[in-house]
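Asks: Just one file: coords.txt, with compact mmCIF, C-alpha atoms.
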# COMPACT_ATOMS: atom_id res chain seq x y z
CA CYS A 1 32.35 -29.76 -15.60
CA SER A 2 31.16 -31.85 -12.68
CA THR A 3 33.75 -30.21 -10.44
CA LEU A 4 32.15 -26.87 -11.30
CA ASN A 5 28.79 -28.06 -10.03
CA GLN A 6 30.41 -29.16 -6.86
CA PHE A 7 31.19 -25.56 -6.00
CA GLN A 8 27.91 -24.10 -7.12
CA THR A 9 25.47 -24.20 -4.23
CA ALA A 10 22.75 -26.26 -5.89
CA PRO A 11 19.63 -24.05 -5.93
CA LYS A 12 16.92 -25.65 -3.84
CA GLU A 13 15.22 -28.09 -6.23
CA LEU A 14 11.76 -26.65 -6.95
CA PRO A 15 9.08 -29.36 -6.67
CA LEU A 16 7.32 -30.03 -9.96
CA ASP A 17 3.98 -29.84 -8.19
CA ILE A 18 3.66 -26.31 -6.82
CA LYS A 19 1.33 -27.59 -4.11
CA LYS A 20 4.40 -29.17 -2.49
CA LEU A 21 6.16 -25.81 -2.33
CA ASP A 22 6.28 -24.86 1.33
CA SER A 23 7.93 -21.45 1.14
CA TRP A 24 7.31 -18.60 -1.27
CA THR A 25 6.87 -14.84 -1.44
CA VAL A 26 4.38 -13.09 -3.70
CA ARG A 27 3.90 -9.34 -4.24
CA GLY A 28 1.21 -7.45 -6.09
CA LYS A 29 -1.77 -5.22 -5.71
CA VAL A 30 -5.12 -5.97 -4.10
CA LEU A 31 -8.49 -4.27 -4.11
CA ILE A 32 -11.09 -5.21 -1.49
CA LYS A 33 -14.50 -3.72 -2.22
CA THR A 34 -17.34 -4.14 0.26
CA GLU A 35 -20.68 -2.33 0.40
CA THR A 36 -19.17 0.23 2.72
CA GLU A 37 -15.49 0.35 1.89
CA ASN A 38 -12.88 0.40 -0.86
CA LEU A 39 -9.53 -0.80 0.48
CA SER A 40 -6.62 -1.12 -1.92
CA GLY A 41 -2.87 -1.32 -1.67
CA TYR A 42 0.27 -3.22 -2.48
CA PHE A 43 0.59 -6.57 -0.74
CA TYR A 44 3.59 -8.62 0.35
CA TRP A 45 2.71 -12.20 1.21
CA GLN A 46 5.47 -14.47 2.55
CA LYS A 47 4.71 -18.11 3.40
CA GLN A 48 7.27 -20.23 5.20
CA GLN A 49 7.02 -23.67 6.73
CA ASP A 50 5.92 -22.43 10.13
CA SER A 51 4.90 -18.81 9.55
CA VAL A 52 3.00 -16.47 7.25
CA GLN A 53 3.41 -12.70 6.89
CA PHE A 54 0.89 -10.59 4.94
CA SER A 55 1.58 -6.86 4.72
CA LEU A 56 -0.64 -4.34 2.95
CA ASN A 57 0.90 -0.97 2.05
CA THR A 58 -0.06 2.30 0.45
CA PHE A 59 1.21 3.81 -2.76
CA ILE A 60 3.78 5.88 -0.81
CA GLY A 61 4.90 2.84 1.18
CA THR A 62 3.21 3.42 4.52
CA ASN A 63 1.71 0.36 6.23
CA ILE A 64 -2.05 -0.20 6.21
CA LEU A 65 -2.04 -3.54 8.04
CA THR A 66 0.21 -6.49 8.83
CA LEU A 67 -1.05 -10.00 9.57
CA THR A 68 1.45 -12.55 10.85
CA THR A 69 0.79 -16.16 11.80
CA LYS A 70 3.32 -18.18 13.78
CA ASN A 71 2.84 -21.37 15.86
CA ASN A 72 -0.83 -21.08 14.88
CA LEU A 73 -1.33 -17.75 16.58
CA SER A 74 -2.34 -14.88 14.27
CA THR A 75 -1.53 -11.25 15.04
CA LEU A 76 -3.04 -8.33 13.16
CA GLU A 77 -1.51 -4.84 13.46
CA VAL A 78 -3.65 -2.02 12.05
CA ASP A 79 -3.99 1.68 12.96
CA GLY A 80 -1.50 1.24 15.78
CA LYS A 81 -3.63 -1.47 17.44
CA VAL A 82 -2.78 -5.16 17.84
CA TYR A 83 -5.33 -8.00 17.68
CA LYS A 84 -4.66 -11.71 18.23
CA ASP A 85 -6.59 -14.88 17.42
CA ARG A 86 -6.08 -18.60 16.82
CA SER A 87 -7.57 -18.30 13.29
CA ALA A 88 -6.34 -15.71 10.79
CA SER A 89 -9.64 -15.70 8.86
CA ARG A 90 -11.64 -15.17 12.05
CA LEU A 91 -9.24 -12.36 13.06
CA ILE A 92 -9.82 -10.55 9.76
CA ARG A 93 -13.59 -11.03 10.04
CA ARG A 94 -13.67 -9.86 13.66
CA THR A 95 -11.69 -6.68 12.98
CA THR A 96 -12.73 -5.69 9.46
CA GLY A 97 -16.01 -7.54 8.93
CA ILE A 98 -14.53 -8.97 5.73
CA GLN A 99 -14.78 -12.75 5.37
CA LEU A 100 -11.77 -14.26 3.56
CA PRO A 101 -10.97 -17.97 3.17
CA LEU A 102 -7.27 -17.26 3.78
CA GLU A 103 -6.12 -20.90 3.93
CA LYS A 104 -7.79 -21.54 0.55
CA LEU A 105 -6.35 -18.33 -0.87
CA GLU A 106 -2.85 -19.72 -0.28
CA LEU A 107 -3.67 -22.38 -2.90
CA TRP A 108 -5.91 -20.31 -5.18
CA ILE A 109 -3.19 -17.68 -5.66
CA ARG A 110 -1.03 -20.48 -7.11
CA GLY A 111 -3.87 -21.56 -9.40
CA GLN A 112 -4.36 -24.69 -7.28
CA LEU A 113 -7.55 -26.19 -5.87
CA ALA A 114 -8.17 -27.11 -2.24
CA GLY A 115 -10.58 -29.92 -3.14
CA LYS A 116 -14.14 -28.77 -2.43
CA GLU A 117 -14.40 -26.38 -5.37
CA LYS A 118 -17.32 -26.85 -7.78
CA SER A 119 -18.25 -26.05 -11.41
CA ILE A 120 -14.58 -25.89 -12.31
CA ILE A 121 -13.80 -24.53 -15.76
CA LYS A 122 -10.32 -25.12 -17.17
CA ASN A 123 -8.50 -24.59 -20.41
CA GLY A 124 -5.89 -27.25 -20.67
CA ASN A 125 -4.69 -27.76 -17.11
CA GLN A 126 -5.02 -24.05 -16.36
CA ILE A 127 -7.92 -23.13 -14.16
CA LYS A 128 -10.20 -20.41 -15.50
CA GLN A 129 -13.03 -20.35 -12.97
CA PHE A 130 -14.67 -22.19 -10.08
CA ASP A 131 -17.16 -21.78 -7.24
CA TYR A 132 -16.40 -22.51 -3.60
CA THR A 133 -18.89 -22.68 -0.74
CA GLY A 134 -17.24 -21.96 2.58
CA THR A 135 -18.82 -22.08 6.04
CA GLU A 136 -21.08 -19.08 5.37
CA GLN A 137 -20.32 -17.80 1.90
CA LYS A 138 -20.18 -18.83 -1.70
CA TRP A 139 -17.19 -17.47 -3.60
CA GLN A 140 -16.82 -17.27 -7.35
CA VAL A 141 -13.16 -17.18 -8.41
CA LYS A 142 -12.05 -16.15 -11.93
CA TYR A 143 -8.52 -16.24 -13.37
CA SER A 144 -7.81 -14.00 -16.32
CA LYS A 145 -4.06 -13.74 -16.83
CA PHE A 146 -1.17 -16.16 -16.30
CA GLN A 147 2.60 -15.65 -16.33
CA GLN A 148 5.68 -17.89 -16.40
CA GLN A 149 7.63 -17.77 -13.13
CA LYS A 150 10.59 -20.16 -13.15
CA ILE A 151 9.13 -23.66 -13.77
CA TYR A 152 5.57 -22.62 -12.89
CA THR A 153 2.76 -20.98 -14.83
CA LEU A 154 1.04 -18.79 -12.24
CA PRO A 155 -2.02 -16.57 -12.21
CA MET A 156 -1.44 -12.84 -12.62
CA LEU A 157 -4.99 -11.52 -12.27
CA ILE A 158 -7.62 -13.12 -10.01
CA ASN A 159 -11.12 -11.87 -9.25
CA LEU A 160 -12.97 -13.31 -6.25
CA THR A 161 -16.56 -12.29 -5.60
CA THR A 162 -19.12 -13.16 -2.96
CA LYS A 163 -22.25 -11.45 -1.70
CA GLY A 164 -21.15 -7.96 -0.60
CA THR A 165 -17.41 -8.40 -1.19
CA LYS A 166 -15.26 -8.19 -4.30
CA LEU A 167 -11.55 -8.97 -4.26
CA LYS A 168 -9.22 -8.19 -7.17
CA LEU A 169 -5.64 -9.51 -6.97
CA SER A 170 -2.96 -8.51 -9.47
CA VAL A 171 0.31 -10.39 -8.93
CA SER A 172 3.55 -8.62 -9.94
CA ASN A 173 6.20 -11.11 -8.85
CA TRP A 174 7.01 -14.40 -7.13
CA GLU A 175 10.06 -15.57 -5.20
CA PHE A 176 10.71 -19.23 -4.38
CA ASP A 177 13.45 -19.22 -1.78
CA GLU B 1 19.17 31.29 9.15
CA PRO B 2 16.56 28.84 10.42
CA VAL B 3 16.77 25.35 8.95
CA GLU B 4 13.30 25.66 7.46
CA THR B 5 14.28 28.74 5.48
CA GLU B 6 17.43 27.01 4.27
CA LEU B 7 15.43 24.04 2.96
CA ARG B 8 12.69 26.16 1.43
CA LYS B 9 15.25 28.35 -0.35
CA LEU B 10 16.88 25.20 -1.73
CA LEU B 11 13.55 23.84 -2.97
CA VAL B 12 12.49 27.03 -4.72
CA ASP B 13 15.08 26.19 -7.40
CA TYR B 14 13.29 22.88 -8.03
CA ASP B 15 11.19 24.56 -10.68
CA GLY B 16 10.94 22.62 -13.93
CA PHE B 17 12.72 19.74 -12.23
CA THR B 18 12.37 16.21 -13.63
CA ALA B 19 13.82 12.90 -12.46
CA GLU B 20 13.29 9.16 -12.54
CA PHE B 21 13.05 7.22 -9.31
CA LYS B 22 13.27 3.71 -7.89
CA GLN B 23 11.09 3.10 -4.82
CA GLN B 24 11.80 0.39 -2.28
CA VAL B 25 9.60 -0.31 0.77
CA LYS B 26 11.18 -2.26 3.63
CA ASP B 27 9.84 -3.46 6.96
CA THR B 28 11.84 -3.38 10.17
CA ASP B 29 13.24 -6.86 9.40
CA ASN B 30 14.60 -5.51 6.11
CA ASN B 31 12.15 -7.55 3.99
CA VAL B 32 11.53 -5.77 0.70
CA LEU B 33 7.75 -5.41 0.80
CA HIS B 34 7.36 -3.53 -2.48
CA SER B 35 9.45 -1.98 -5.19
CA ALA B 36 8.43 0.30 -8.02
CA SER B 37 9.86 2.75 -10.48
CA GLY B 38 8.53 5.95 -11.98
CA GLN B 39 9.15 9.58 -12.79
CA LEU B 40 8.46 12.95 -11.25
CA VAL B 41 8.06 16.55 -12.40
CA PHE B 42 8.13 19.56 -10.05
CA LYS B 43 6.99 23.07 -11.07
CA GLN B 44 6.89 25.83 -8.47
CA PRO B 45 4.63 26.60 -6.84
CA GLY B 46 2.40 23.66 -6.11
CA GLN B 47 2.51 21.77 -9.40
CA PHE B 48 3.81 18.23 -9.60
CA ILE B 49 3.46 14.88 -11.32
CA TRP B 50 4.39 11.75 -9.42
CA GLU B 51 3.91 8.78 -11.70
CA ILE B 52 4.57 5.11 -10.89
CA VAL B 53 5.27 3.27 -14.15
CA ALA B 54 6.06 -0.27 -12.93
CA PRO B 55 4.89 -2.75 -11.72
CA GLU B 56 1.61 -0.92 -12.38
CA GLN B 57 0.69 2.58 -13.43
CA GLU B 58 -0.48 4.93 -10.71
CA LEU B 59 -0.44 8.70 -11.03
CA LEU B 60 -0.56 11.74 -8.76
CA MET B 61 -0.90 15.10 -10.49
CA SER B 62 -1.46 18.56 -9.05
CA ASN B 63 -1.93 21.90 -10.83
CA GLY B 64 -1.68 23.75 -7.54
CA ASP B 65 -5.46 23.90 -7.02
CA THR B 66 -6.59 20.34 -7.63
CA LEU B 67 -4.84 17.03 -6.94
CA TRP B 68 -5.79 13.99 -9.02
CA TRP B 69 -4.92 10.49 -7.86
CA PHE B 70 -5.43 8.20 -10.86
CA ASN B 71 -5.51 4.50 -10.03
CA PRO B 72 -6.15 2.38 -13.14
CA PHE B 73 -6.22 -0.80 -11.03
CA LEU B 74 -9.29 0.57 -9.26
CA GLU B 75 -10.59 2.10 -12.51
CA GLN B 76 -10.93 5.23 -10.41
CA VAL B 77 -9.58 8.74 -10.03
CA SER B 78 -9.77 10.47 -6.64
CA ILE B 79 -9.83 14.27 -6.61
CA PHE B 80 -8.59 16.35 -3.68
CA ASP B 81 -8.03 20.02 -2.90
CA ALA B 82 -4.36 20.68 -3.61
CA LYS B 83 -3.98 22.33 -0.20
CA ASP B 84 -4.85 19.00 1.43
CA ALA B 85 -2.36 17.27 -0.88
CA VAL B 86 0.44 17.18 1.66
CA ALA B 87 -1.67 14.98 3.94
CA THR B 88 -2.10 12.39 1.17
CA THR B 89 1.38 12.71 -0.24
CA PRO B 90 4.32 14.33 1.55
CA PHE B 91 5.99 15.08 -1.81
CA ALA B 92 3.52 17.93 -2.28
CA LEU B 93 5.48 19.72 0.44
CA LEU B 94 8.52 19.90 -1.86
CA VAL B 95 6.64 22.21 -4.23
CA SER B 96 4.60 24.07 -1.64
CA GLN B 97 5.43 27.67 -0.87
CA GLN B 98 2.61 28.20 1.60
CA ASP B 99 3.69 29.07 5.13
CA GLU B 100 0.53 27.51 6.59
CA VAL B 101 1.54 24.17 5.05
CA TRP B 102 5.17 24.39 6.19
CA ASN B 103 4.13 25.45 9.69
CA LYS B 104 2.67 21.98 10.22
CA PHE B 105 6.19 20.52 10.23
CA THR B 106 9.39 20.79 12.23
CA ILE B 107 12.57 20.72 10.15
CA THR B 108 15.96 19.64 11.43
CA LYS B 109 19.29 19.34 9.67
CA LEU B 110 20.79 15.96 8.74
CA GLU B 111 24.34 15.33 7.71
CA SER B 112 23.46 15.48 4.03
CA GLY B 113 19.90 16.64 4.09
CA PHE B 114 16.88 17.58 6.16
CA LEU B 115 14.43 15.75 8.40
CA VAL B 116 10.79 16.84 8.17
CA LYS B 117 8.42 15.73 10.94
CA PRO B 118 4.71 16.56 11.23
CA LYS B 119 4.02 18.53 14.41
CA ASN B 120 0.70 16.76 14.87
CA GLU B 121 1.77 13.13 14.44
CA ASN B 122 -1.31 11.24 15.37
CA ASN B 123 -3.37 11.93 12.29
CA SER B 124 -0.57 11.40 9.81
CA GLN B 125 0.55 8.03 8.43
CA VAL B 126 4.01 9.50 7.91
CA SER B 127 6.15 9.89 11.00
CA GLN B 128 9.06 11.50 9.19
CA LEU B 129 10.31 12.49 5.75
CA ALA B 130 14.06 12.63 5.10
CA ILE B 131 15.28 14.58 2.08
CA TYR B 132 18.87 14.00 0.98
CA PHE B 133 20.93 16.19 -1.32
CA ASP B 134 24.21 15.47 -3.03
CA ASP B 135 25.70 18.96 -2.97
CA PHE B 136 22.40 20.67 -3.72
CA LEU B 137 21.12 17.96 -6.06
CA LEU B 138 18.05 16.13 -4.68
CA LYS B 139 19.18 12.52 -4.43
CA GLU B 140 16.87 10.55 -2.15
CA ILE B 141 13.59 10.88 -0.26
CA VAL B 142 12.84 8.45 2.57
CA ILE B 143 9.43 8.21 4.20
CA THR B 144 9.22 6.47 7.59
CA ASP B 145 5.80 5.53 8.84
CA ARG B 146 4.44 4.91 12.33
CA THR B 147 5.43 1.23 12.21
CA GLN B 148 9.01 2.33 11.37
CA GLN B 149 8.60 0.87 7.89
CA THR B 150 10.59 2.87 5.31
CA SER B 151 9.83 3.79 1.72
CA SER B 152 12.88 5.15 -0.04
CA TYR B 153 12.91 6.88 -3.42
CA GLU B 154 16.31 7.01 -5.13
CA LEU B 155 16.43 9.63 -7.85
CA LYS B 156 18.42 9.56 -11.06
CA LYS B 157 18.53 11.51 -14.35
CA GLN B 158 17.73 14.65 -12.41
CA ALA B 159 17.33 17.63 -14.76
CA PHE B 160 16.27 21.28 -14.53
CA LYS B 161 14.33 22.86 -17.39
CA LYS B 162 13.12 26.33 -16.39
CA LYS B 163 10.77 26.68 -19.37
CA LEU B 164 9.21 23.23 -18.99
CA ASN B 165 5.89 23.04 -20.79
CA VAL B 166 4.08 20.17 -19.10
CA ASN B 167 0.34 20.05 -18.59
CA PHE B 168 -0.52 19.59 -14.92
CA ASN B 169 -4.24 19.21 -15.58
CA PHE B 170 -5.29 15.56 -15.63
CA ASP B 171 -7.88 14.71 -18.25
CA ILE B 172 -10.05 11.98 -16.85
CA PRO B 173 -10.52 8.95 -19.13
CA ALA B 174 -14.13 8.25 -20.10
CA ASP B 175 -14.97 5.04 -18.29
CA ILE B 176 -13.31 5.95 -15.00
CA GLU B 177 -15.13 6.20 -11.68
CA ILE B 178 -14.70 9.63 -10.07
CA ASP B 179 -14.18 9.76 -6.31
CA ASP B 180 -14.38 13.47 -5.53
CA GLN B 181 -13.03 14.09 -2.05
CA ARG B 182 -13.11 17.88 -2.24
CA PRO B 183 -15.31 19.72 0.28
CA VAL B 184 -18.63 20.61 -1.39
CA LYS B 185 -18.15 24.38 -1.46
CA THR B 186 -15.27 24.26 -3.92
CA LYS B 187 -17.19 22.45 -6.67
CA PRO B 188 -18.78 25.32 -8.65
CA GLY B 189 -20.57 23.16 -11.20
CA LYS B 190 -17.23 21.87 -12.58
Show me this structure written as structure tokens.
Replies:
Amino acid sequence: CSTLNQFQTAPKELPLDIKKLDSWTVRGKVLIKTETENLSGYFYWQKQQDSVQFSLNTFIGTNILTLTTKNNLSTLEVDGKVYKDRSASRLIRRTTGIQLPLEKLELWIRGQLAGKEKSIIKNGNQIKQFDYTGTEQKWQVKYSKFQQQKIYTLPMLINLTTKGTKLKLSVSNWEFD
Amino acid sequence: EPVETELRKLLVDYDGFTAEFKQQVKDTDNNVLHSASGQLVFKQPGQFIWEIVAPEQELLMSNGDTLWWFNPFLEQVSIFDAKDAVATTPFALLVSQQDEVWNKFTITKLESGFLVKPKNENNSQVSQLAIYFDDFLLKEIVITDRTQQTSSYELKKQAFKKKLNVNFNFDIPADIEIDDQRPVKTKPGK
């Protein structure tokens, strides 16, 4: 059957270590609770080698905000206005007051660690909880549900809390193109 | 006959109407941002259930006076005046028979449906609502927002049951946070 394989376009080999995966798309629901605001919606998060697109949408499918990063310039479109900055996290903080360690989140959402996390609790090789102290804030991150997605076991429900901000992420599906 | 009358006459028959739907949200580069499936119930006038079943449950229910927006993910239910419902969800228009609500929109004819646009666009997320019929059977609803993103609902298993006995009053689960958005005067000690 080797001739058969010859015609099948071999699906891009997925790296065993998900940290080496450089392009993926994840969809789900997010709740961002601060002292003053409850923001929730459906997110679409697409990471490619040289660009990231994060889109947050309402229940009826209208856009709340879109954050794109390309050639390390981040652009945020919200309420018909456009904001730009070199750092995506700083852009979010400047416009919404919410502090998010976005670069770390790209790993945390895959159940991976960036390296400076502390008091890590695991069961087996699956992360259950850890603390992370960023430039100004200490985050506590808790994983409560995992799901099998192709060769990976990935978190389905993640709670991230820091002083004044609570983030709840529920992942519905992954795509590894 | 003005287009608005034609559409409103068509919708009056959507009384005891049920259907399932598949929702797909796409950005202007055709990326599928979100997809969901659910079911709807319309009862004239003003009563509807719009329930998302997957990927996660979310429910909109109106008895014509009160609109409940139940969001289990937030462990919260938001309560609105039904007459403000159209601002939060354009579907409420499809069961509204109030002239003052319809007068906020301009209606034009499409090849196989109608295009509904809010007259006052700047305070509405929705820039237009397209309603498509397949010889009088409601087939698709497409919402376009200000960023030109589209959210399309394809209907199937459409059915009409005149004597539909469905309860349009949402009973709020015990441990749910209540976010009452109704103006104070309409809350007589409820």
Asks: Name the residues in contact with B:Leu33 at a cut-off of 6 Å, using only C-alpha atoms, excluding same-chain residues fewer than 5 positions from it; report them as a list in words.
Replies: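 Returned residues: Tyr44 of chain A; Val25 and Lys26 of chain B.
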Asks: Set the distance at 12 Å and use all atoms listed in the file: which residues neighbour A:Gly164 once local chain neighbours fewer than 5 positions away are removed? I'd like the list as a PDB file with C-alpha atoms, in the frame of the given file.
Replies:
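Now in result_31.pdb:
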ATOM      1  CA  ILE A  32     -11.090  -5.210  -1.490  1.00  0.00           C
ATOM      2  CA  LYS A  33     -14.500  -3.720  -2.220  1.00  0.00           C
ATOM      3  CA  THR A  34     -17.340  -4.140   0.260  1.00  0.00           C
ATOM      4  CA  GLU A  35     -20.680  -2.330   0.400  1.00  0.00           C
ATOM      5  CA  THR A  36     -19.170   0.230   2.720  1.00  0.00           C
ATOM      6  CA  GLU A  37     -15.490   0.350   1.890  1.00  0.00           C
ATOM      7  CA  ASN A  38     -12.880   0.400  -0.860  1.00  0.00           C
ATOM      8  CA  GLY A  97     -16.010  -7.540   8.930  1.00  0.00           C
ATOM      9  CA  ILE A  98     -14.530  -8.970   5.730  1.00  0.00           C
ATOM     10  CA  GLN A  99     -14.780 -12.750   5.370  1.00  0.00           C
ATOM     11  CA  GLN A 137     -20.320 -17.800   1.900  1.00  0.00           C
ATOM     12  CA  LYS A 138     -20.180 -18.830  -1.700  1.00  0.00           C
ATOM     13  CA  TRP A 139     -17.190 -17.470  -3.600  1.00  0.00           C
TER      14      TRP A 139
END
Asks: Hey, could you make a per-residue contact list for chain A against chain B with 9 Å as the cut-off, showing the nearest pair of atoms and its distance in Å to one decimal, counting only C-alpha atoms, sorted by chain and number, as a Markdown table?
Replies:
| residue | atom | partner | partner_atom | distance |
| --- | --- | --- | --- | --- |
| A:Arg27 | CA | B:His34 | CA | 7.0 |
| A:Gly28 | CA | B:His34 | CA | 8.1 |
| A:Lys29 | CA | B:Phe73 | CA | 8.2 |
| A:Val30 | CA | B:Phe73 | CA | 8.7 |
| A:Leu31 | CA | B:Leu74 | CA | 7.1 |
| A:Ser40 | CA | B:Leu74 | CA | 8.0 |
| A:Tyr42 | CA | B:His34 | CA | 7.1 |
| A:Phe43 | CA | B:Leu33 | CA | 7.4 |
| A:Tyr44 | CA | B:Leu33 | CA | 5.3 |
| A:Trp45 | CA | B:Leu33 | CA | 8.5 |
| A:Ser55 | CA | B:Leu33 | CA | 7.5 |
| A:Leu56 | CA | B:Leu33 | CA | 8.7 |
| A:Asn57 | CA | B:Leu33 | CA | 8.3 |
| A:Phe59 | CA | B:Glu58 | CA | 8.2 |
| A:Ile60 | CA | B:Ser151 | CA | 6.9 |
| A:Gly61 | CA | B:Ser151 | CA | 5.0 |
| A:Thr62 | CA | B:Asp145 | CA | 5.5 |
| A:Asn63 | CA | B:Asp145 | CA | 7.1 |
| A:Ile64 | CA | B:Gln125 | CA | 8.9 |
| A:Gly80 | CA | B:Arg146 | CA | 7.8 |
| A:Lys168 | CA | B:Phe73 | CA | 8.9 |
| A:Ser170 | CA | B:Phe73 | CA | 8.5 |
| A:Ser172 | CA | B:Pro55 | CA | 6.3 |
| A:Asn173 | CA | B:Pro55 | CA | 8.9 |
Asks: Could you give me the centre and size, in Å to one decimal, of an axis-aligned box around all listed atoms of stretch 135-152 of chain A with 4 Å added on every side, as JSON?
Replies:
{"center_x": -5.2, "center_y": -18.7, "center_z": -5.4, "size_x": 39.7, "size_y": 17.9, "size_z": 30.9}
Asks: Would you list the residues near (1.8, 21.5, -2.8) (no more than 6 Å away, in the coordinates of the file, using all atoms listed in the file) as a VMD selection string?
Replies: chain B and resid 46 92 to 93 95 to 96
Asks: Just to confirm, what's the straight-line distance from atom CA of B:Leu129 to atom CA of B:Val166 in Å (one decimal)?
Replies: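 Going from atom CA of B:Leu129 over to atom CA of B:Val166, I get 26.7 Å.
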